[in-house]
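Chemist: Quick one, upload_15.csv (CSV, C-alpha atoms):
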chain,number,residue,atom,x,y,z
V,1,MET,CA,4.6,3.5,-29.1
V,2,ASN,CA,6.8,1.3,-26.8
V,3,TYR,CA,4.1,-0.8,-25.1
V,4,GLN,CA,6.7,-3.0,-23.4
V,5,LEU,CA,8.4,-0.1,-21.7
V,6,MET,CA,5.0,1.3,-20.6
V,7,LEU,CA,4.0,-2.0,-19.3
V,8,LYS,CA,7.2,-2.4,-17.3
V,9,ARG,CA,6.8,1.0,-15.7
V,10,LEU,CA,3.1,0.4,-14.9
V,11,ILE,CA,3.9,-2.9,-13.2
V,12,ILE,CA,6.6,-1.2,-11.1
V,13,VAL,CA,4.2,1.6,-10.1
V,14,ALA,CA,1.4,-0.9,-9.3
V,15,THR,CA,3.8,-3.0,-7.1
V,16,CYS,CA,4.9,0.0,-5.1
V,17,PHE,CA,1.3,1.3,-5.0
V,18,SER,CA,0.2,-2.0,-3.5
V,19,LEU,CA,2.6,-1.5,-0.6
V,20,LEU,CA,1.0,1.9,0.0
V,21,VAL,CA,-2.4,0.3,0.1
V,22,ILE,CA,-1.1,-2.3,2.6
V,23,ALA,CA,0.4,0.4,4.8
V,24,LEU,CA,-2.8,2.4,4.8
V,25,GLY,CA,-4.8,-0.7,5.5
V,26,ALA,CA,-2.6,-1.3,8.6
V,27,TYR,CA,-3.1,2.3,9.7
V,28,THR,CA,-6.8,2.0,9.3
V,29,ARG,CA,-6.9,-1.1,11.5
V,30,LEU,CA,-4.6,0.3,14.1
V,31,VAL,CA,-6.6,3.5,14.6
V,32,HIS,CA,-9.8,1.4,14.9
V,33,ALA,CA,-11.3,2.9,11.7
V,34,GLY,CA,-12.3,-0.3,10.1
V,35,LEU,CA,-15.9,0.7,10.7
V,36,GLY,CA,-15.2,4.4,10.1
V,37,CYS,CA,-17.8,4.0,7.4
V,38,PRO,CA,-20.4,1.4,8.4
V,39,ASP,CA,-21.8,1.0,4.8
V,40,TRP,CA,-20.2,0.0,1.5
V,41,PRO,CA,-19.1,1.3,-1.0
V,42,LEU,CA,-20.3,4.7,0.2
V,43,CYS,CA,-19.7,6.3,3.6
V,44,TYR,CA,-22.9,7.0,5.4
V,45,GLY,CA,-24.4,7.2,1.9
V,46,HIS,CA,-21.8,9.8,0.7
V,47,ALA,CA,-19.0,9.5,-1.8
V,48,TRP,CA,-16.6,10.7,0.9
V,49,ALA,CA,-18.3,11.4,4.2
V,50,PRO,CA,-21.2,13.5,5.6
V,51,SER,CA,-19.9,17.0,6.1
V,52,SER,CA,-22.7,19.4,7.0
V,53,THR,CA,-24.4,19.3,10.4
V,54,ASN,CA,-27.7,18.2,8.8
V,55,GLU,CA,-25.9,15.4,6.9
V,56,ILE,CA,-24.1,14.2,10.1
V,57,SER,CA,-27.4,14.2,12.0
V,58,GLN,CA,-29.1,12.1,9.4
V,59,ALA,CA,-26.2,9.7,9.3
V,60,ASN,CA,-26.3,9.3,13.0
V,61,LEU,CA,-30.0,8.5,12.9
V,62,LYS,CA,-29.5,5.9,10.2
V,63,PHE,CA,-26.5,4.3,12.0
V,64,PRO,CA,-27.1,4.9,15.7
V,65,ASP,CA,-24.6,2.2,16.8
V,66,ILE,CA,-21.8,3.8,14.8
V,67,PRO,CA,-22.1,7.6,14.9
V,68,VAL,CA,-20.0,9.7,12.5
V,69,ASN,CA,-16.4,10.2,13.5
V,70,LEU,CA,-14.6,12.2,10.8
V,71,THR,CA,-11.2,11.3,12.2
V,72,LYS,CA,-12.0,7.6,11.3
V,73,THR,CA,-13.9,8.2,8.0
V,74,TRP,CA,-11.0,9.6,6.1
V,75,PRO,CA,-8.5,6.6,6.6
V,76,GLU,CA,-11.3,4.1,5.7
V,77,MET,CA,-12.4,6.0,2.5
V,78,THR,CA,-8.8,6.8,1.5
V,79,HIS,CA,-8.0,3.1,1.7
V,80,ARG,CA,-11.1,2.2,-0.4
V,81,TYR,CA,-10.2,4.7,-3.1
V,82,LEU,CA,-6.6,3.7,-3.2
V,83,ALA,CA,-7.5,0.0,-3.4
V,84,SER,CA,-9.9,0.8,-6.2
V,85,SER,CA,-7.1,2.7,-8.0
V,86,LEU,CA,-4.9,-0.4,-7.7
V,87,GLY,CA,-7.7,-2.4,-9.4
V,88,LEU,CA,-7.7,0.1,-12.3
V,89,LEU,CA,-3.9,-0.2,-12.6
V,90,CYS,CA,-4.3,-3.9,-12.9
V,91,ILE,CA,-6.9,-3.5,-15.7
V,92,PHE,CA,-4.4,-1.3,-17.6
V,93,ILE,CA,-1.7,-4.0,-17.0
V,94,VAL,CA,-4.0,-6.6,-18.6
V,95,ALA,CA,-4.9,-4.3,-21.5
V,96,LEU,CA,-1.3,-3.4,-22.2
V,97,GLY,CA,-0.2,-7.1,-21.8
V,98,MET,CA,-2.7,-8.1,-24.5
V,99,ALA,CA,-1.3,-5.4,-26.8
V,100,VAL,CA,2.2,-6.7,-26.2
V,101,LYS,CA,1.1,-10.2,-26.9
V,102,ARG,CA,-0.5,-9.1,-30.2
V,103,ARG,CA,2.8,-7.8,-31.3
V,104,GLY,CA,4.4,-11.2,-30.8
V,105,GLN,CA,6.3,-10.3,-27.6
V,106,GLN,CA,6.4,-12.4,-24.5
V,107,PHE,CA,4.3,-11.6,-21.5
V,108,PRO,CA,2.5,-13.8,-18.9
V,109,ILE,CA,-1.0,-12.7,-19.8
V,110,LYS,CA,-2.6,-15.5,-17.7
V,111,HIS,CA,-0.7,-14.3,-14.7
V,112,SER,CA,-2.0,-10.8,-15.1
V,113,ALA,CA,-5.5,-12.0,-15.7
V,114,PHE,CA,-5.4,-14.1,-12.5
V,115,LEU,CA,-4.0,-11.0,-10.7
V,116,LEU,CA,-7.0,-8.9,-11.9
V,117,GLY,CA,-9.4,-11.6,-10.8
V,118,PHE,CA,-7.7,-11.8,-7.4
V,119,ILE,CA,-8.0,-8.0,-7.0
V,120,ILE,CA,-11.8,-8.3,-7.6
V,121,LEU,CA,-12.0,-11.0,-4.9
V,122,GLN,CA,-9.9,-8.8,-2.6
V,123,GLY,CA,-12.5,-6.0,-3.2
V,124,LEU,CA,-15.2,-8.4,-2.1
V,125,PHE,CA,-13.3,-9.2,1.1
V,126,GLY,CA,-13.0,-5.4,1.7
V,127,MET,CA,-16.8,-5.2,1.4
V,128,TRP,CA,-17.4,-8.2,3.7
V,129,THR,CA,-14.9,-6.7,6.2
V,130,VAL,CA,-17.4,-3.8,6.6
V,131,THR,CA,-20.7,-5.6,6.2
V,132,LEU,CA,-19.8,-8.4,8.6
V,133,LYS,CA,-18.6,-5.9,11.1
V,134,LEU,CA,-14.9,-6.8,11.2
V,135,TRP,CA,-15.4,-10.6,11.5
V,136,PRO,CA,-11.9,-11.9,12.3
V,137,GLN,CA,-11.9,-14.6,9.6
V,138,VAL,CA,-12.7,-12.0,6.9
V,139,VAL,CA,-10.3,-9.4,8.3
V,140,THR,CA,-7.4,-11.9,8.3
V,141,ALA,CA,-8.3,-13.1,4.8
V,142,HIS,CA,-8.4,-9.4,3.6
V,143,LEU,CA,-5.0,-8.8,5.1
V,144,LEU,CA,-3.6,-12.0,3.5
V,145,GLY,CA,-5.2,-10.9,0.2
V,146,GLY,CA,-3.3,-7.6,0.3
V,147,PHE,CA,0.0,-9.3,0.9
V,148,THR,CA,-0.8,-11.8,-1.9
V,149,THR,CA,-1.6,-9.0,-4.3
V,150,PHE,CA,1.8,-7.4,-3.7
V,151,CYS,CA,3.5,-10.7,-4.2
V,152,LEU,CA,1.6,-11.5,-7.4
V,153,LEU,CA,2.6,-8.0,-8.8
V,154,LEU,CA,6.2,-8.6,-7.8
V,155,LEU,CA,6.2,-12.0,-9.4
V,156,LEU,CA,4.6,-10.6,-12.5
V,157,TYR,CA,7.5,-8.2,-12.8
V,158,LEU,CA,10.1,-10.9,-12.2
V,159,ARG,CA,8.6,-13.2,-14.8
V,160,SER,CA,8.4,-10.4,-17.3
V,161,TYR,CA,11.5,-8.4,-16.7
V,162,GLY,CA,13.5,-9.9,-13.9
V,163,ARG,CA,17.2,-10.7,-14.2
V,164,SER,CA,19.0,-13.3,-12.1
V,165,VAL,CA,21.9,-12.4,-9.9
V,166,LEU,CA,23.0,-16.1,-10.1
V,167,SER,CA,25.4,-17.4,-12.6
V,168,ILE,CA,25.3,-21.1,-11.6
V,169,GLY,CA,22.8,-23.8,-11.2
V,170,VAL,CA,21.2,-24.2,-7.7
V,171,LYS,CA,21.3,-27.2,-5.5
V,172,GLN,CA,18.0,-28.9,-4.5
V,173,SER,CA,18.7,-28.3,-0.8
V,174,LEU,CA,18.6,-24.5,-1.4
V,175,LYS,CA,15.4,-24.7,-3.4
V,176,ILE,CA,13.7,-26.7,-0.5
V,177,SER,CA,15.1,-24.3,2.1
V,178,ALA,CA,13.8,-21.3,0.2
V,179,LEU,CA,10.3,-22.8,-0.1
V,180,ILE,CA,10.2,-23.7,3.6
V,181,ALA,CA,11.2,-20.2,4.6
V,182,LEU,CA,8.5,-18.8,2.3
V,183,VAL,CA,5.8,-21.1,3.8
V,184,PHE,CA,6.8,-20.1,7.4
V,185,VAL,CA,6.7,-16.4,6.6
V,186,LEU,CA,3.3,-16.8,5.0
V,187,LEU,CA,2.0,-18.6,8.0
V,188,GLN,CA,3.5,-15.9,10.2
V,189,VAL,CA,1.7,-13.2,8.2
V,190,ALA,CA,-1.6,-15.1,8.7
V,191,LEU,CA,-0.9,-15.3,12.5
V,192,GLY,CA,-0.2,-11.5,12.4
V,193,GLY,CA,-3.5,-11.0,10.7
V,194,TRP,CA,-5.3,-13.1,13.3
V,195,ILE,CA,-3.6,-11.1,16.1
V,196,THR,CA,-4.7,-7.8,14.7
V,197,SER,CA,-8.3,-8.9,13.8
V,198,ASN,CA,-8.7,-10.2,17.4
V,199,TYR,CA,-7.0,-7.2,19.0
V,200,ALA,CA,-4.3,-9.3,20.7
V,201,ALA,CA,-1.2,-7.3,19.9
V,202,LEU,CA,-1.0,-6.0,23.5
V,203,ALA,CA,-2.3,-9.2,25.1
V,204,CYS,CA,1.3,-9.8,26.4
V,205,THR,CA,3.8,-7.1,27.0
V,206,GLN,CA,6.4,-9.3,28.6
V,207,LEU,CA,9.7,-10.1,26.8
V,208,PRO,CA,10.8,-12.5,25.5
V,209,TRP,CA,7.8,-14.8,26.3
V,210,CYS,CA,4.3,-14.5,27.6
V,211,SER,CA,3.3,-16.2,30.9
V,212,VAL,CA,2.1,-19.7,29.8
V,213,SER,CA,0.5,-20.2,33.3
V,214,GLN,CA,-2.2,-17.7,32.2
V,215,ILE,CA,-3.3,-19.9,29.3
V,216,SER,CA,-5.5,-23.0,29.4
V,217,SER,CA,-6.3,-25.5,26.8
V,218,ASN,CA,-9.7,-23.9,26.3
V,219,ASP,CA,-8.0,-20.6,25.7
V,220,ILE,CA,-6.0,-22.1,22.8
V,221,TYR,CA,-9.2,-23.7,21.4
V,222,THR,CA,-11.1,-20.4,21.7
V,223,GLY,CA,-8.3,-18.3,20.3
V,224,PHE,CA,-8.0,-20.5,17.2
V,225,ASN,CA,-11.7,-21.3,16.7
V,226,PHE,CA,-11.9,-20.4,13.1
V,227,LEU,CA,-15.6,-21.5,13.0
V,228,GLN,CA,-16.7,-18.9,15.5
V,229,GLU,CA,-20.1,-17.4,14.7
V,230,ILE,CA,-20.6,-14.0,13.2
V,231,GLY,CA,-21.3,-11.6,16.0
V,232,PRO,CA,-22.9,-8.2,16.0
V,233,ASN,CA,-19.7,-6.2,16.0
V,234,TYR,CA,-16.0,-7.3,16.4
V,235,LEU,CA,-14.6,-3.8,16.8
V,236,GLY,CA,-12.3,-4.1,19.9
V,237,GLY,CA,-12.5,-7.9,19.8
V,238,GLN,CA,-14.7,-10.3,21.7
V,239,LEU,CA,-12.1,-12.8,23.1
V,240,ASP,CA,-11.1,-12.9,26.7
V,241,GLY,CA,-7.6,-12.3,27.9
V,242,GLY,CA,-6.4,-15.9,28.0
V,243,ALA,CA,-7.4,-16.5,24.4
V,244,ARG,CA,-5.7,-13.4,23.2
V,245,ILE,CA,-2.5,-14.3,25.0
V,246,ALA,CA,-2.6,-17.7,23.3
V,247,ILE,CA,-2.8,-16.0,19.9
V,248,HIS,CA,0.0,-13.6,20.8
V,249,LEU,CA,2.2,-16.4,22.0
V,250,ALA,CA,1.6,-18.4,18.8
V,251,HIS,CA,2.8,-15.4,16.8
V,252,ARG,CA,6.0,-15.2,18.8
V,253,LEU,CA,6.6,-18.9,18.4
V,254,GLY,CA,6.0,-18.4,14.7
V,255,ALA,CA,8.6,-15.6,14.7
V,256,LEU,CA,11.1,-18.2,16.1
V,257,ALA,CA,10.3,-20.7,13.4
V,258,VAL,CA,10.7,-17.9,10.8
V,259,MET,CA,14.1,-17.0,12.2
V,260,ILE,CA,15.3,-20.6,12.2
V,261,SER,CA,14.1,-21.2,8.6
V,262,ILE,CA,15.7,-18.0,7.3
V,263,ALA,CA,18.9,-18.7,9.2
V,264,VAL,CA,19.2,-22.0,7.5
V,265,LEU,CA,18.4,-20.4,4.1
V,266,ILE,CA,21.1,-17.7,4.7
V,267,THR,CA,23.6,-20.4,5.7
V,268,LEU,CA,23.0,-22.2,2.4
V,269,LEU,CA,23.2,-19.0,0.4
V,270,ILE,CA,26.5,-18.2,1.9
V,271,LYS,CA,27.7,-21.8,1.4
V,272,PHE,CA,27.0,-21.4,-2.3
V,273,ARG,CA,28.6,-17.9,-2.3
V,274,ILE,CA,25.4,-16.0,-3.1
V,275,TYR,CA,26.4,-13.3,-0.7
V,276,SER,CA,24.3,-10.4,-1.9
V,277,VAL,CA,21.0,-12.3,-1.6
V,278,ALA,CA,22.0,-13.6,1.9
V,279,ALA,CA,22.8,-10.1,3.1
V,280,PHE,CA,19.6,-8.6,1.8
V,281,ILE,CA,17.4,-11.3,3.4
V,282,GLY,CA,19.4,-10.9,6.7
V,283,VAL,CA,18.8,-7.1,6.8
V,284,VAL,CA,15.1,-7.4,6.1
V,285,THR,CA,14.6,-10.1,8.7
V,286,ILE,CA,16.5,-8.2,11.4
V,287,ALA,CA,14.5,-5.1,10.6
V,288,GLN,CA,11.3,-7.0,10.9
V,289,ILE,CA,12.3,-8.7,14.2
V,290,GLY,CA,13.4,-5.3,15.6
V,291,LEU,CA,10.1,-3.7,14.7
V,292,GLY,CA,8.2,-6.6,16.4
V,293,ILE,CA,10.2,-6.2,19.6
V,294,PHE,CA,9.6,-2.4,19.6
V,295,ASN,CA,5.8,-3.1,19.2
V,296,VAL,CA,5.8,-5.0,22.5
V,297,TYR,CA,8.3,-3.0,24.4
V,298,PHE,CA,6.8,0.4,23.5
V,299,HIS,CA,3.2,-0.9,23.6
V,300,LEU,CA,2.3,-0.7,19.9
V,301,PRO,CA,3.3,2.8,18.8
V,302,LEU,CA,1.2,3.5,15.7
V,303,TYR,CA,3.8,4.2,13.1
V,304,ASN,CA,6.1,1.4,14.3
V,305,ALA,CA,3.2,-1.0,14.0
V,306,VAL,CA,2.4,0.2,10.5
V,307,ALA,CA,6.1,-0.3,9.6
V,308,HIS,CA,5.9,-3.8,11.1
V,309,ASN,CA,3.1,-4.6,8.7
V,310,LEU,CA,4.9,-3.1,5.8
V,311,MET,CA,8.1,-4.8,6.5
V,312,GLY,CA,6.2,-8.1,6.8
V,313,ALA,CA,5.0,-7.6,3.2
V,314,ILE,CA,8.6,-6.8,2.1
V,315,LEU,CA,9.9,-9.9,3.9
V,316,LEU,CA,7.3,-12.1,2.2
V,317,GLY,CA,8.1,-10.4,-1.2
V,318,THR,CA,11.8,-11.1,-0.6
V,319,LEU,CA,11.2,-14.8,-0.1
V,320,VAL,CA,9.1,-14.8,-3.3
V,321,TRP,CA,12.0,-13.2,-5.1
V,322,VAL,CA,14.5,-15.7,-3.7
V,323,ASN,CA,12.2,-18.6,-4.7
V,324,TRP,CA,12.0,-17.2,-8.2
V,325,LEU,CA,15.8,-16.9,-8.3
V,326,VAL,CA,16.6,-20.4,-7.3
V,327,ARG,CA,13.9,-22.0,-9.6
V,328,ARG,CA,14.3,-20.1,-12.8
V,329,LYS,CA,16.5,-21.5,-15.6
V,330,ILE,CA,20.0,-20.1,-15.5
V,331,ASP,CA,21.9,-19.4,-18.7
V,332,VAL,CA,25.5,-20.5,-18.2
Translate this structure into structure tokens?
Modeler:
Amino acid sequence: MNYQLMLKRLIIVATCFSLLVIALGAYTRLVHAGLGCPDWPLCYGHAWAPSSTNEISQANLKFPDIPVNLTKTWPEMTHRYLASSLGLLCIFIVALGMAVKRRGQQFPIKHSAFLLGFIILQGLFGMWTVTLKLWPQVVTAHLLGGFTTFCLLLLLYLRSYGRSVLSIGVKQSLKISALIALVFVLLQVALGGWITSNYAALACTQLPWCSVSQISSNDIYTGFNFLQEIGPNYLGGQLDGGARIAIHLAHRLGALAVMISIAVLITLLIKFRIYSVAAFIGVVTIAQIGLGIFNVYFHLPLYNAVAHNLMGAILLGTLVWVNWLVRRKIDV
């Protein structure tokens, strides 16, 4: 039995599957189904959702503040089951990785074990997202966890089976630029999570900038008060308009920082004649910027917003790939 080939295919499947989980998570947030099931891990005490009239009546009596809405239960429960399936895939990856190691073959088993532990932590954040009623800090951490899971899977594949498209050594300036771009994209993802968890995506529909005159210093403090107390329910958000505009504007400024850092990175890649990598980064970045502009101009169309989340993960993964490329040892 070729364990190495099985393991390679399993990691590819898990990496692609993690993008599906990210997309469905975004869809669940955007249709306001984060509390489609107010309990965890069951849904109103059921493995899927209450279906009969009697079951729905009993569920409504038990959760009077969040009555059953079957159009919101299915995305929430589908997301939970898919996320759990991703955890099972990671268990299989660790098991196969150990089998490969026993046969004397190379495999980053510590990386895969860390990935599995992180998946378990991500599951806890999923639970806290529900039990703490969409507390923005937890929702943002859960979103970041999903993106991180994808990047860890991608990096596991690269470390195990990746091949470099580079044939020469890399200058230190390119390594630094790649790392800076990665950090800026990661911060931008966090800001995106903070926007969606505080329902600030439509706080400003002007292009290219929001009206700064509507923002006070207190709005900035309130919008980025990460120590805010846990409230009864954050569905729909609790911040006022000024605070939401401050968050939205910060995300746009973050997008500008990302564009500048990536432009510098692309310039250096072209300078060192690494054209294919530069072109790929450019295409992904332009696509992500375009989706962000469409979100504002067309007032957050559902599938465009899901695509914006998904492309954000792909952009982050692209920067992980580039950093792996410029830091691995090149055989010349």
Chemist: Of the residues V:Gln105, V:Gly236, V:Ile11, V:Phe63, which is the one nearest to V:Ile91, using only C-alpha atoms?
Modeler: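 Closest residue, counting only C-alpha atoms: V:Ile11.
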Chemist: Within 7 Å of stretch 250-254 of chain V, counting only C-alpha atoms, which residues show up once you throw out same-chain ones fewer than 6 positions away? Write them as a VMD selection string, please.
Modeler: chain V and resid 188 191 to 192
Chemist: Quick one: pull the distance between atom CA of V:Leu268 and atom CA of V:Gln172, Å, one decimal.
Modeler: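 Distance reported for this atom pair: 10.8 Å.
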Chemist: Write out as a PDB file with C-alpha atoms, keeping the file's coordinate frame the residues lying within 6 Å of stretch 304-313 of chain V, counting only C-alpha atoms and excluding same-chain residues fewer than 4 positions away.
Modeler:
ATOM      1  CA  ALA V  23       0.400   0.400   4.800  1.00  0.00           C
ATOM      2  CA  ALA V  26      -2.600  -1.300   8.600  1.00  0.00           C
ATOM      3  CA  TYR V  27      -3.100   2.300   9.700  1.00  0.00           C
ATOM      4  CA  PHE V 147       0.000  -9.300   0.900  1.00  0.00           C
ATOM      5  CA  GLN V 288      11.300  -7.000  10.900  1.00  0.00           C
ATOM      6  CA  LEU V 291      10.100  -3.700  14.700  1.00  0.00           C
ATOM      7  CA  LEU V 300       2.300  -0.700  19.900  1.00  0.00           C
TER       8      LEU V 300
END
Chemist: Give the answer as one residue: which of V:Leu269, V:Val183, V:Leu235, V:Leu115 has the shortest atom-to-atom distance to V:Leu132, using all atoms listed in the file?
Modeler: V:Leu235
Chemist: If you measure from atom CA of V:Gly223 to atom CA of V:Leu202, what distance in Å do you get, rounded to one decimal?
Modeler: 14.7 Å
Chemist: Rounded to one decimal, what separation in Å do you get between atom CA of V:Leu124 and atom CA of V:Ala99?
Modeler: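 About the pair atom CA of V:Leu124 and atom CA of V:Ala99: they are 28.5 Å apart.
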Chemist: Within 12 Å of stretch 158-162 of chain V, counting all atoms listed in the file, which residues show up once you throw out same-chain ones fewer than 3 positions away? Write them as a ChimeraX atom specification, please.
Modeler: /V:4-5,7-9,11-12,15,93,97,100,105-112,151-155,165-166,317-318,320-325,327-329
Chemist: Excluding V:Ala200 and any residue of its chain fewer than 5 positions from it, enumerate the residues within 10 Å of it, using all atoms listed in the file, and give them as a list in words.
Modeler: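 These residues fall inside the cut-off: Gly192, Trp194, Ile195, Gly223, Gly236, Gly237, Leu239, Asp240, Gly241, Ala243, Arg244, Ile245, Ala246, Ile247, His248 and Leu249 of chain V.
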Chemist: Go ahead and write the residues just picked, C-alpha atoms, as a PDB file, in the frame of the given file.
Modeler:
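Heads up, here's the output in part_21.pdb:
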ATOM      1  CA  GLY V 192      -0.200 -11.500  12.400  1.00  0.00           C
ATOM      2  CA  TRP V 194      -5.300 -13.100  13.300  1.00  0.00           C
ATOM      3  CA  ILE V 195      -3.600 -11.100  16.100  1.00  0.00           C
ATOM      4  CA  GLY V 223      -8.300 -18.300  20.300  1.00  0.00           C
ATOM      5  CA  GLY V 236     -12.300  -4.100  19.900  1.00  0.00           C
ATOM      6  CA  GLY V 237     -12.500  -7.900  19.800  1.00  0.00           C
ATOM      7  CA  LEU V 239     -12.100 -12.800  23.100  1.00  0.00           C
ATOM      8  CA  ASP V 240     -11.100 -12.900  26.700  1.00  0.00           C
ATOM      9  CA  GLY V 241      -7.600 -12.300  27.900  1.00  0.00           C
ATOM     10  CA  ALA V 243      -7.400 -16.500  24.400  1.00  0.00           C
ATOM     11  CA  ARG V 244      -5.700 -13.400  23.200  1.00  0.00           C
ATOM     12  CA  ILE V 245      -2.500 -14.300  25.000  1.00  0.00           C
ATOM     13  CA  ALA V 246      -2.600 -17.700  23.300  1.00  0.00           C
ATOM     14  CA  ILE V 247      -2.800 -16.000  19.900  1.00  0.00           C
ATOM     15  CA  HIS V 248       0.000 -13.600  20.800  1.00  0.00           C
ATOM     16  CA  LEU V 249       2.200 -16.400  22.000  1.00  0.00           C
TER      17      LEU V 249
END
Chemist: For V:Leu256, list every protein, DNA or RNA residue within 12 Å, evaluated using all atoms listed in the file, and leave out those in the same chain fewer than 4 positions away; present the list as a count of residues only.
Modeler: 17
Chemist: Name the residues within 9 Å of (-3.3, -10.8, -7.5), counting all atoms listed in the file in the file's coordinates, and put them as a ChimeraX atom specification.
Modeler: /V:90,111-120,122,145-146,148-153
Chemist: Can you write out the residues you just picked, keeping C-alpha atoms, as a PDB file, in the coordinates of the input?
Modeler:
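What landed in out-v1.pdb:
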ATOM      1  CA  CYS V  90      -4.300  -3.900 -12.900  1.00  0.00           C
ATOM      2  CA  HIS V 111      -0.700 -14.300 -14.700  1.00  0.00           C
ATOM      3  CA  SER V 112      -2.000 -10.800 -15.100  1.00  0.00           C
ATOM      4  CA  ALA V 113      -5.500 -12.000 -15.700  1.00  0.00           C
ATOM      5  CA  PHE V 114      -5.400 -14.100 -12.500  1.00  0.00           C
ATOM      6  CA  LEU V 115      -4.000 -11.000 -10.700  1.00  0.00           C
ATOM      7  CA  LEU V 116      -7.000  -8.900 -11.900  1.00  0.00           C
ATOM      8  CA  GLY V 117      -9.400 -11.600 -10.800  1.00  0.00           C
ATOM      9  CA  PHE V 118      -7.700 -11.800  -7.400  1.00  0.00           C
ATOM     10  CA  ILE V 119      -8.000  -8.000  -7.000  1.00  0.00           C
ATOM     11  CA  ILE V 120     -11.800  -8.300  -7.600  1.00  0.00           C
ATOM     12  CA  GLN V 122      -9.900  -8.800  -2.600  1.00  0.00           C
ATOM     13  CA  GLY V 145      -5.200 -10.900   0.200  1.00  0.00           C
ATOM     14  CA  GLY V 146      -3.300  -7.600   0.300  1.00  0.00           C
ATOM     15  CA  THR V 148      -0.800 -11.800  -1.900  1.00  0.00           C
ATOM     16  CA  THR V 149      -1.600  -9.000  -4.300  1.00  0.00           C
ATOM     17  CA  PHE V 150       1.800  -7.400  -3.700  1.00  0.00           C
ATOM     18  CA  CYS V 151       3.500 -10.700  -4.200  1.00  0.00           C
ATOM     19  CA  LEU V 152       1.600 -11.500  -7.400  1.00  0.00           C
ATOM     20  CA  LEU V 153       2.600  -8.000  -8.800  1.00  0.00           C
TER      21      LEU V 153
END
Chemist: Smallest atom-to-atom distance to V:Val139: which of V:Asn60, V:Thr222, V:Gln206, V:Thr28, using all atoms listed in the file?
Modeler: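 Once distances to V:Val139 are computed over all atoms listed in the file, the minimum belongs to V:Thr28.
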Chemist: Counting all atoms listed in the file, which of V:Ala141, V:Cys37, V:Ile56, V:Leu121 gets nearest to V:Arg80?
Modeler: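 Closest to V:Arg80, using all atoms listed in the file: V:Cys37.
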Chemist: For V:Cys210, which residue out of V:Leu96, V:Leu61, V:Ala14, V:Val296 is the nearest one, using all atoms listed in the file?
Modeler: V:Val296
Chemist: Show me the residues close to (24.8, -20.8, 1.3) - anything with an atom within 12 Å, counting all atoms listed in the file - and format the list as a PDB file with C-alpha atoms, keeping the file's coordinate frame.
Modeler:
ATOM      1  CA  VAL V 170      21.200 -24.200  -7.700  1.00  0.00           C
ATOM      2  CA  LYS V 171      21.300 -27.200  -5.500  1.00  0.00           C
ATOM      3  CA  SER V 173      18.700 -28.300  -0.800  1.00  0.00           C
ATOM      4  CA  LEU V 174      18.600 -24.500  -1.400  1.00  0.00           C
ATOM      5  CA  LYS V 175      15.400 -24.700  -3.400  1.00  0.00           C
ATOM      6  CA  SER V 177      15.100 -24.300   2.100  1.00  0.00           C
ATOM      7  CA  ALA V 178      13.800 -21.300   0.200  1.00  0.00           C
ATOM      8  CA  ILE V 262      15.700 -18.000   7.300  1.00  0.00           C
ATOM      9  CA  ALA V 263      18.900 -18.700   9.200  1.00  0.00           C
ATOM     10  CA  VAL V 264      19.200 -22.000   7.500  1.00  0.00           C
ATOM     11  CA  LEU V 265      18.400 -20.400   4.100  1.00  0.00           C
ATOM     12  CA  ILE V 266      21.100 -17.700   4.700  1.00  0.00           C
ATOM     13  CA  THR V 267      23.600 -20.400   5.700  1.00  0.00           C
ATOM     14  CA  LEU V 268      23.000 -22.200   2.400  1.00  0.00           C
ATOM     15  CA  LEU V 269      23.200 -19.000   0.400  1.00  0.00           C
ATOM     16  CA  ILE V 270      26.500 -18.200   1.900  1.00  0.00           C
ATOM     17  CA  LYS V 271      27.700 -21.800   1.400  1.00  0.00           C
ATOM     18  CA  PHE V 272      27.000 -21.400  -2.300  1.00  0.00           C
ATOM     19  CA  ARG V 273      28.600 -17.900  -2.300  1.00  0.00           C
ATOM     20  CA  ILE V 274      25.400 -16.000  -3.100  1.00  0.00           C
ATOM     21  CA  TYR V 275      26.400 -13.300  -0.700  1.00  0.00           C
ATOM     22  CA  SER V 276      24.300 -10.400  -1.900  1.00  0.00           C
ATOM     23  CA  VAL V 277      21.000 -12.300  -1.600  1.00  0.00           C
ATOM     24  CA  ALA V 278      22.000 -13.600   1.900  1.00  0.00           C
ATOM     25  CA  ALA V 279      22.800 -10.100   3.100  1.00  0.00           C
ATOM     26  CA  VAL V 326      16.600 -20.400  -7.300  1.00  0.00           C
TER      27      VAL V 326
END
Chemist: With distances taken over only C-alpha atoms, which of V:Ala257, V:Leu134, V:Ile314, V:Ile286 is nearest to V:Cys16?
Modeler: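 Among the listed residues, the smallest separation from V:Cys16 belongs to V:Ile314.
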Chemist: Write a file for stretch 232-246 of chain V of the given structure; include C-alpha atoms and format it as a PDB file, in the first residue's frame.
Modeler:
ATOM      1  CA  PRO V 232     -26.873  39.189  25.831  1.00  0.00           C
ATOM      2  CA  ASN V 233     -26.867  38.822  22.027  1.00  0.00           C
ATOM      3  CA  TYR V 234     -24.691  40.398  19.307  1.00  0.00           C
ATOM      4  CA  LEU V 235     -26.851  39.293  16.367  1.00  0.00           C
ATOM      5  CA  GLY V 236     -27.121  42.439  14.225  1.00  0.00           C
ATOM      6  CA  GLY V 237     -24.407  44.206  16.209  1.00  0.00           C
ATOM      7  CA  GLN V 238     -24.554  46.639  19.107  1.00  0.00           C
ATOM      8  CA  LEU V 239     -22.267  49.497  18.007  1.00  0.00           C
ATOM      9  CA  ASP V 240     -23.611  52.847  16.824  1.00  0.00           C
ATOM     10  CA  GLY V 241     -23.085  54.225  13.329  1.00  0.00           C
ATOM     11  CA  GLY V 242     -19.915  56.200  14.010  1.00  0.00           C
ATOM     12  CA  ALA V 243     -18.107  53.251  15.539  1.00  0.00           C
ATOM     13  CA  ARG V 244     -19.065  51.024  12.623  1.00  0.00           C
ATOM     14  CA  ILE V 245     -17.831  53.623  10.142  1.00  0.00           C
ATOM     15  CA  ALA V 246     -14.508  53.769  12.006  1.00  0.00           C
TER      16      ALA V 246
END
